[in-house]
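Source file: coords23.cif. Holds: mmCIF, C-alpha atoms.
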data_input
loop_
_atom_site.group_PDB
_atom_site.id
_atom_site.type_symbol
_atom_site.label_atom_id
_atom_site.label_comp_id
_atom_site.auth_asym_id
_atom_site.auth_seq_id
_atom_site.Cartn_x
_atom_site.Cartn_y
_atom_site.Cartn_z
ATOM 1 C CA MET A 1221 0.000 0.000 0.000
ATOM 2 C CA GLN A 1222 1.341 3.403 -1.008
ATOM 3 C CA MET A 1223 0.981 6.038 1.711
ATOM 4 C CA PRO A 1224 0.144 9.483 0.336
ATOM 5 C CA ARG A 1225 2.100 12.412 1.691
ATOM 6 C CA ALA A 1226 0.712 15.780 2.615
ATOM 7 C CA SER A 1227 2.632 18.822 1.478
ATOM 8 C CA GLU A 1228 4.113 21.143 4.092
ATOM 9 C CA GLU A 1229 1.439 23.671 3.113
ATOM 10 C CA GLN A 1230 -1.340 21.117 3.779
ATOM 11 C CA LYS A 1231 0.230 20.174 7.128
ATOM 12 C CA GLN A 1232 0.438 23.820 8.161
ATOM 13 C CA ARG A 1233 -3.182 24.434 7.117
ATOM 14 C CA PHE A 1234 -4.211 21.449 9.281
ATOM 15 C CA ARG A 1235 -2.230 22.785 12.261
ATOM 16 C CA ASP A 1236 -3.758 26.255 11.766
ATOM 17 C CA LEU A 1237 -7.303 24.842 11.605
ATOM 18 C CA ILE A 1238 -6.767 22.838 14.788
ATOM 19 C CA ALA A 1239 -5.304 25.879 16.561
ATOM 20 C CA GLU A 1240 -8.253 28.019 15.425
ATOM 21 C CA VAL A 1241 -10.910 25.518 16.445
ATOM 22 C CA GLY A 1242 -9.074 24.231 19.492
ATOM 23 C CA ALA A 1243 -8.525 27.669 21.030
ATOM 24 C CA SER A 1244 -11.366 26.887 23.444
ATOM 25 C CA ALA A 1245 -9.871 23.450 24.171
ATOM 26 C CA PRO A 1246 -6.217 23.923 25.115
ATOM 27 C CA GLU A 1247 -5.871 20.177 25.693
ATOM 28 C CA ALA A 1248 -6.262 19.560 21.932
ATOM 29 C CA GLU A 1249 -2.924 18.716 20.351
ATOM 30 C CA VAL A 1250 -1.518 17.773 16.953
ATOM 31 C CA LYS A 1251 0.831 14.791 16.814
ATOM 32 C CA PRO A 1252 2.501 12.830 14.028
ATOM 33 C CA MET A 1253 0.846 9.498 13.316
ATOM 34 C CA PHE A 1254 2.163 6.951 10.805
ATOM 35 C CA GLY A 1255 3.759 9.686 8.702
ATOM 36 C CA GLN A 1256 0.547 11.729 8.795
ATOM 37 C CA LEU A 1257 -0.884 14.169 11.363
ATOM 38 C CA GLY A 1258 -3.617 13.588 13.917
ATOM 39 C CA ALA A 1259 -5.413 15.962 16.273
ATOM 40 C CA PHE A 1260 -6.179 14.520 19.691
ATOM 41 C CA VAL A 1261 -8.149 15.447 22.776
ATOM 42 C CA ASN A 1262 -7.998 13.325 25.939
ATOM 43 C CA GLY A 1263 -5.978 10.739 23.998
ATOM 44 C CA ASN A 1264 -8.670 10.273 21.318
ATOM 45 C CA MET A 1265 -8.230 11.416 17.734
ATOM 46 C CA PHE A 1266 -10.902 13.816 16.487
ATOM 47 C CA ALA A 1267 -9.335 14.890 13.172
ATOM 48 C CA GLY A 1268 -6.571 13.662 10.940
ATOM 49 C CA LEU A 1269 -4.672 14.334 7.766
ATOM 50 C CA PHE A 1270 -4.092 11.483 5.305
ATOM 51 C CA GLY A 1271 -2.199 12.832 2.344
ATOM 52 C CA PRO A 1272 -4.273 15.795 1.177
ATOM 53 C CA ASP A 1273 -7.471 14.452 2.808
ATOM 54 C CA LEU A 1274 -8.769 15.834 6.081
ATOM 55 C CA GLY A 1275 -10.933 13.463 8.113
ATOM 56 C CA VAL A 1276 -13.043 13.867 11.239
ATOM 57 C CA LYS A 1277 -14.807 11.645 13.779
ATOM 58 C CA LEU A 1278 -18.401 12.732 14.301
ATOM 59 C CA ALA A 1279 -21.500 11.759 16.249
ATOM 60 C CA GLU A 1280 -23.911 9.728 14.107
ATOM 61 C CA PRO A 1281 -26.324 12.569 13.217
ATOM 62 C CA ASP A 1282 -23.456 14.805 12.047
ATOM 63 C CA ALA A 1283 -21.776 11.889 10.248
ATOM 64 C CA ALA A 1284 -24.994 11.261 8.310
ATOM 65 C CA VAL A 1285 -25.166 14.926 7.263
ATOM 66 C CA LEU A 1286 -21.519 14.938 6.167
ATOM 67 C CA ALA A 1287 -21.904 11.655 4.255
ATOM 68 C CA ALA A 1288 -24.957 13.055 2.462
ATOM 69 C CA SER A 1289 -22.978 16.152 1.464
ATOM 70 C CA GLY A 1290 -20.156 14.149 -0.098
ATOM 71 C CA GLY A 1291 -18.019 12.996 2.825
ATOM 72 C CA GLY A 1292 -16.448 9.631 2.140
ATOM 73 C CA PRO A 1293 -14.261 7.055 3.870
ATOM 74 C CA PHE A 1294 -11.080 8.353 5.508
ATOM 75 C CA GLY A 1295 -7.712 6.652 5.334
ATOM 76 C CA PRO A 1296 -6.292 4.019 3.010
ATOM 77 C CA ALA A 1297 -8.791 2.728 0.438
ATOM 78 C CA GLU A 1298 -7.855 -0.835 1.399
ATOM 79 C CA ARG A 1299 -8.595 -0.212 5.056
ATOM 80 C CA PRO A 1300 -10.442 3.037 5.848
ATOM 81 C CA MET A 1301 -10.667 4.155 9.465
ATOM 82 C CA GLY A 1302 -14.000 3.233 11.007
ATOM 83 C CA GLY A 1303 -15.994 6.150 12.358
ATOM 84 C CA TYR A 1304 -14.071 8.791 10.358
ATOM 85 C CA LEU A 1305 -15.156 10.630 7.214
ATOM 86 C CA THR A 1306 -13.135 12.662 4.726
ATOM 87 C CA LEU A 1307 -14.306 16.248 4.336
ATOM 88 C CA PRO A 1308 -15.372 17.314 0.853
ATOM 89 C CA VAL A 1309 -13.011 19.956 -0.576
ATOM 90 C CA ASP A 1310 -15.716 22.635 -0.624
ATOM 91 C CA SER A 1311 -16.856 22.070 2.989
ATOM 92 C CA ASP A 1312 -16.315 24.411 5.926
ATOM 93 C CA ALA A 1313 -13.415 22.520 7.512
ATOM 94 C CA ALA A 1314 -13.372 24.618 10.684
ATOM 95 C CA GLU A 1315 -17.069 23.936 11.275
ATOM 96 C CA TRP A 1316 -16.662 20.160 10.921
ATOM 97 C CA ILE A 1317 -13.482 20.054 12.995
ATOM 98 C CA GLY A 1318 -15.293 22.002 15.718
ATOM 99 C CA ARG A 1319 -18.113 19.467 15.733
ATOM 100 C CA ALA A 1320 -15.608 16.607 15.841
ATOM 101 C CA LEU A 1321 -13.706 18.206 18.720
ATOM 102 C CA ALA A 1322 -16.904 18.737 20.732
ATOM 103 C CA TYR A 1323 -18.018 15.138 20.135
ATOM 104 C CA VAL A 1324 -14.698 13.478 20.937
ATOM 105 C CA ALA A 1325 -13.983 15.736 23.938
ATOM 106 C CA ALA A 1326 -17.206 14.406 25.510
ATOM 107 C CA LEU A 1327 -16.025 10.783 25.162
ATOM 108 C CA PRO A 1328 -14.201 9.084 28.039
ATOM 109 C CA PRO A 1329 -10.438 9.681 27.990
ATOM 110 C CA LYS A 1330 -8.448 6.954 26.325
ATOM 111 C CA ALA A 1331 -6.700 4.749 28.853
ATOM 112 C CA PRO A 1332 -2.934 4.622 28.410
ATOM 113 C CA LYS A 1333 -1.582 1.311 27.173
ATOM 114 C CA PRO A 1334 0.432 -0.586 29.749
ATOM 115 C CA SER A 1335 4.135 -0.469 29.102
ATOM 116 C CA ARG A 1336 5.667 -3.651 27.745
ATOM 117 C CA VAL A 1337 8.299 -5.480 29.700
ATOM 118 C CA LYS A 1338 11.509 -5.869 27.708
ATOM 119 C CA ARG A 1339 13.237 -9.208 27.848
#

Output the structure of this file as structure tokens.
Amino acid sequence: MQMPRASEEQKQRFRDLIAEVGASAPEAEVKPMFGQLGAFVNGNMFAGLFGPDLGVKLAEPDAAVLAASGGGPFGPAERPMGGYLTLPVDSDAAEWIGRALAYVAALPPKAPKPSRVKR
């Protein structure tokens, strides 16, 4: 599987969008993930960048609206990420990221994985 790469301009736009939307949620952070970028709150990803595609995790009613307006699967075509949708190019990215942040911030924090014992 060939992993698409986002340009530096696309990565910066993603960081700027997260900073804009996440201003009210200082715990939101952008981290590298498998050569891509992900935006996390309480350990859970709410938005991500996969090549040029921006994806979000939404509550079911919002996901249905986004899917009806052209949002499609997010991630590799062979194995898209469940629960995430790619934003259509002409959508209001900040609006959808804000909805994703609000939804995921209300979920329980992700429990840290136990550290592995080295042999």

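CA of Thr1306 in chain A lies 5.8 Å from CA of Pro1293 in chain A.
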
Q: Using the chain letters and residue numbers of this document, give as a list in words the residues selected by the PyMOL selection byres ((chain A and resi 1313) around 10).
A: Phe1234, Leu1237, Ile1238, Val1241, Leu1274, Gly1275, Val1276, Leu1307, Pro1308, Val1309, Asp1310, Ser1311, Asp1312, Ala1314, Glu1315, Trp1316, Ile1317, Gly1318 and Arg1319 of chain A

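Restricting the calculation to all atoms listed in the file, the smallest distance between Leu1327 in chain A and any of A:Gly1291, A:Pro1272, A:Gly1263, A:Pro1246 is found for A:Gly1263.
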
Take every atom of range 1276-1281 of chain A listed in the file, fit an axis-aligned box around them, add 3 Å per side, and give the centre and edge lengths in Å to one decimal as AutoDock Vina command-line options.
--center_x -19.7 --center_y 11.8 --center_z 13.7 --size_x 19.3 --size_y 10.1 --size_z 11.0

Q) What does the distance between CA of Gln1256 in chain A and CA of Met1223 in chain A come to in Å, to one decimal place? A) 9.1 Å

Q: Within 12 Å of (-9.1, 11.0, 19.3) (coordinates as in the file), grab all the protein and nucleic acid residues, counting only C-alpha atoms, and write them out as a PyMOL selection string.
A: chain A and resi 1247-1251+1253+1257-1268+1275-1278+1303-1304+1317+1320-1331

Q) Could you state the separation of CA of Lys1231 in chain A and CA of Gly1271 in chain A in Å, given to one decimal place? A) 9.1 Å

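Using all atoms listed in the file, the smallest distance between any of A:Ala1226, A:Leu1269, A:Ala1239, A:Val1337 and Phe1294 in chain A comes from A:Leu1269.
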
Q) Taking into account all atoms listed in the file, which residue in the set A:Pro1332, A:Phe1270, A:Glu1298, A:Lys1338 is nearest to Pro1224 in chain A? A) A:Phe1270

Any chance you could model N, CA and C atoms for range 1284-1320 of chain A and send them as a short mmCIF file (atom, residue, chain, number, x, y, z; two decimals), keeping the file's coordinate frame?
data_model
loop_
_atom_site.label_atom_id
_atom_site.label_comp_id
_atom_site.auth_asym_id
_atom_site.auth_seq_id
_atom_site.Cartn_x
_atom_site.Cartn_y
_atom_site.Cartn_z
N ALA A 1284 -24.01 11.47 9.37
CA ALA A 1284 -24.99 11.26 8.31
C ALA A 1284 -25.11 12.50 7.42
N VAL A 1285 -25.09 13.67 8.03
CA VAL A 1285 -25.17 14.93 7.26
C VAL A 1285 -23.93 15.07 6.38
N LEU A 1286 -22.75 14.82 6.94
CA LEU A 1286 -21.52 14.94 6.17
C LEU A 1286 -21.48 13.91 5.03
N ALA A 1287 -21.89 12.69 5.30
CA ALA A 1287 -21.90 11.66 4.26
C ALA A 1287 -22.85 12.05 3.13
N ALA A 1288 -23.99 12.63 3.47
CA ALA A 1288 -24.96 13.06 2.46
C ALA A 1288 -24.44 14.22 1.63
N SER A 1289 -23.51 15.00 2.20
CA SER A 1289 -22.98 16.15 1.46
C SER A 1289 -21.66 15.82 0.75
N GLY A 1290 -21.33 14.55 0.68
CA GLY A 1290 -20.16 14.15 -0.10
C GLY A 1290 -18.98 13.64 0.69
N GLY A 1291 -19.11 13.55 2.01
CA GLY A 1291 -18.02 13.00 2.82
C GLY A 1291 -17.90 11.50 2.58
N GLY A 1292 -16.67 11.04 2.42
CA GLY A 1292 -16.45 9.63 2.14
C GLY A 1292 -15.52 9.00 3.16
N PRO A 1293 -15.15 7.75 2.94
CA PRO A 1293 -14.26 7.06 3.87
C PRO A 1293 -12.94 7.80 4.02
N PHE A 1294 -12.34 7.69 5.21
CA PHE A 1294 -11.08 8.35 5.51
C PHE A 1294 -10.00 7.31 5.74
N GLY A 1295 -8.85 7.55 5.16
CA GLY A 1295 -7.71 6.65 5.33
C GLY A 1295 -7.44 5.86 4.07
N PRO A 1296 -6.63 4.81 4.19
CA PRO A 1296 -6.29 4.02 3.01
C PRO A 1296 -7.55 3.37 2.41
N ALA A 1297 -7.63 3.32 1.10
CA ALA A 1297 -8.79 2.73 0.44
C ALA A 1297 -8.94 1.27 0.83
N GLU A 1298 -7.82 0.58 1.05
CA GLU A 1298 -7.86 -0.84 1.40
C GLU A 1298 -8.36 -1.07 2.82
N ARG A 1299 -8.21 -0.06 3.66
CA ARG A 1299 -8.60 -0.21 5.06
C ARG A 1299 -8.93 1.15 5.67
N PRO A 1300 -10.09 1.72 5.30
CA PRO A 1300 -10.44 3.04 5.85
C PRO A 1300 -10.67 2.96 7.36
N MET A 1301 -10.50 4.08 8.01
CA MET A 1301 -10.67 4.16 9.46
C MET A 1301 -12.16 4.22 9.81
N GLY A 1302 -12.60 3.27 10.59
CA GLY A 1302 -14.00 3.23 11.01
C GLY A 1302 -14.36 4.44 11.84
N GLY A 1303 -15.52 5.02 11.58
CA GLY A 1303 -15.99 6.15 12.36
C GLY A 1303 -15.49 7.50 11.89
N TYR A 1304 -14.62 7.53 10.87
CA TYR A 1304 -14.07 8.79 10.36
C TYR A 1304 -14.53 9.00 8.92
N LEU A 1305 -14.77 10.26 8.58
CA LEU A 1305 -15.16 10.63 7.21
C LEU A 1305 -14.22 11.71 6.69
N THR A 1306 -13.93 11.63 5.39
CA THR A 1306 -13.14 12.66 4.73
C THR A 1306 -14.04 13.84 4.41
N LEU A 1307 -13.54 15.04 4.65
CA LEU A 1307 -14.31 16.25 4.34
C LEU A 1307 -14.26 16.53 2.84
N PRO A 1308 -15.40 16.87 2.24
CA PRO A 1308 -15.37 17.31 0.85
C PRO A 1308 -14.54 18.59 0.75
N VAL A 1309 -13.90 18.80 -0.38
CA VAL A 1309 -13.01 19.96 -0.58
C VAL A 1309 -13.73 21.27 -0.34
N ASP A 1310 -14.99 21.37 -0.73
CA ASP A 1310 -15.72 22.64 -0.62
C ASP A 1310 -16.43 22.83 0.72
N SER A 1311 -16.17 21.96 1.70
CA SER A 1311 -16.86 22.07 2.99
C SER A 1311 -16.17 23.10 3.89
N ASP A 1312 -16.87 23.49 4.92
CA ASP A 1312 -16.32 24.41 5.93
C ASP A 1312 -15.54 23.56 6.93
N ALA A 1313 -14.25 23.41 6.71
CA ALA A 1313 -13.42 22.52 7.51
C ALA A 1313 -13.45 22.90 8.99
N ALA A 1314 -13.38 24.19 9.29
CA ALA A 1314 -13.37 24.62 10.68
C ALA A 1314 -14.66 24.22 11.39
N GLU A 1315 -15.76 24.33 10.70
CA GLU A 1315 -17.07 23.94 11.28
C GLU A 1315 -17.07 22.45 11.63
N TRP A 1316 -16.65 21.61 10.69
CA TRP A 1316 -16.66 20.16 10.92
C TRP A 1316 -15.63 19.75 11.97
N ILE A 1317 -14.48 20.37 11.98
CA ILE A 1317 -13.48 20.05 13.00
C ILE A 1317 -14.00 20.45 14.37
N GLY A 1318 -14.69 21.58 14.45
CA GLY A 1318 -15.29 22.00 15.72
C GLY A 1318 -16.31 21.00 16.23
N ARG A 1319 -17.13 20.48 15.34
CA ARG A 1319 -18.11 19.47 15.73
C ARG A 1319 -17.41 18.19 16.20
N ALA A 1320 -16.36 17.81 15.47
CA ALA A 1320 -15.61 16.61 15.84
C ALA A 1320 -14.94 16.78 17.20
#
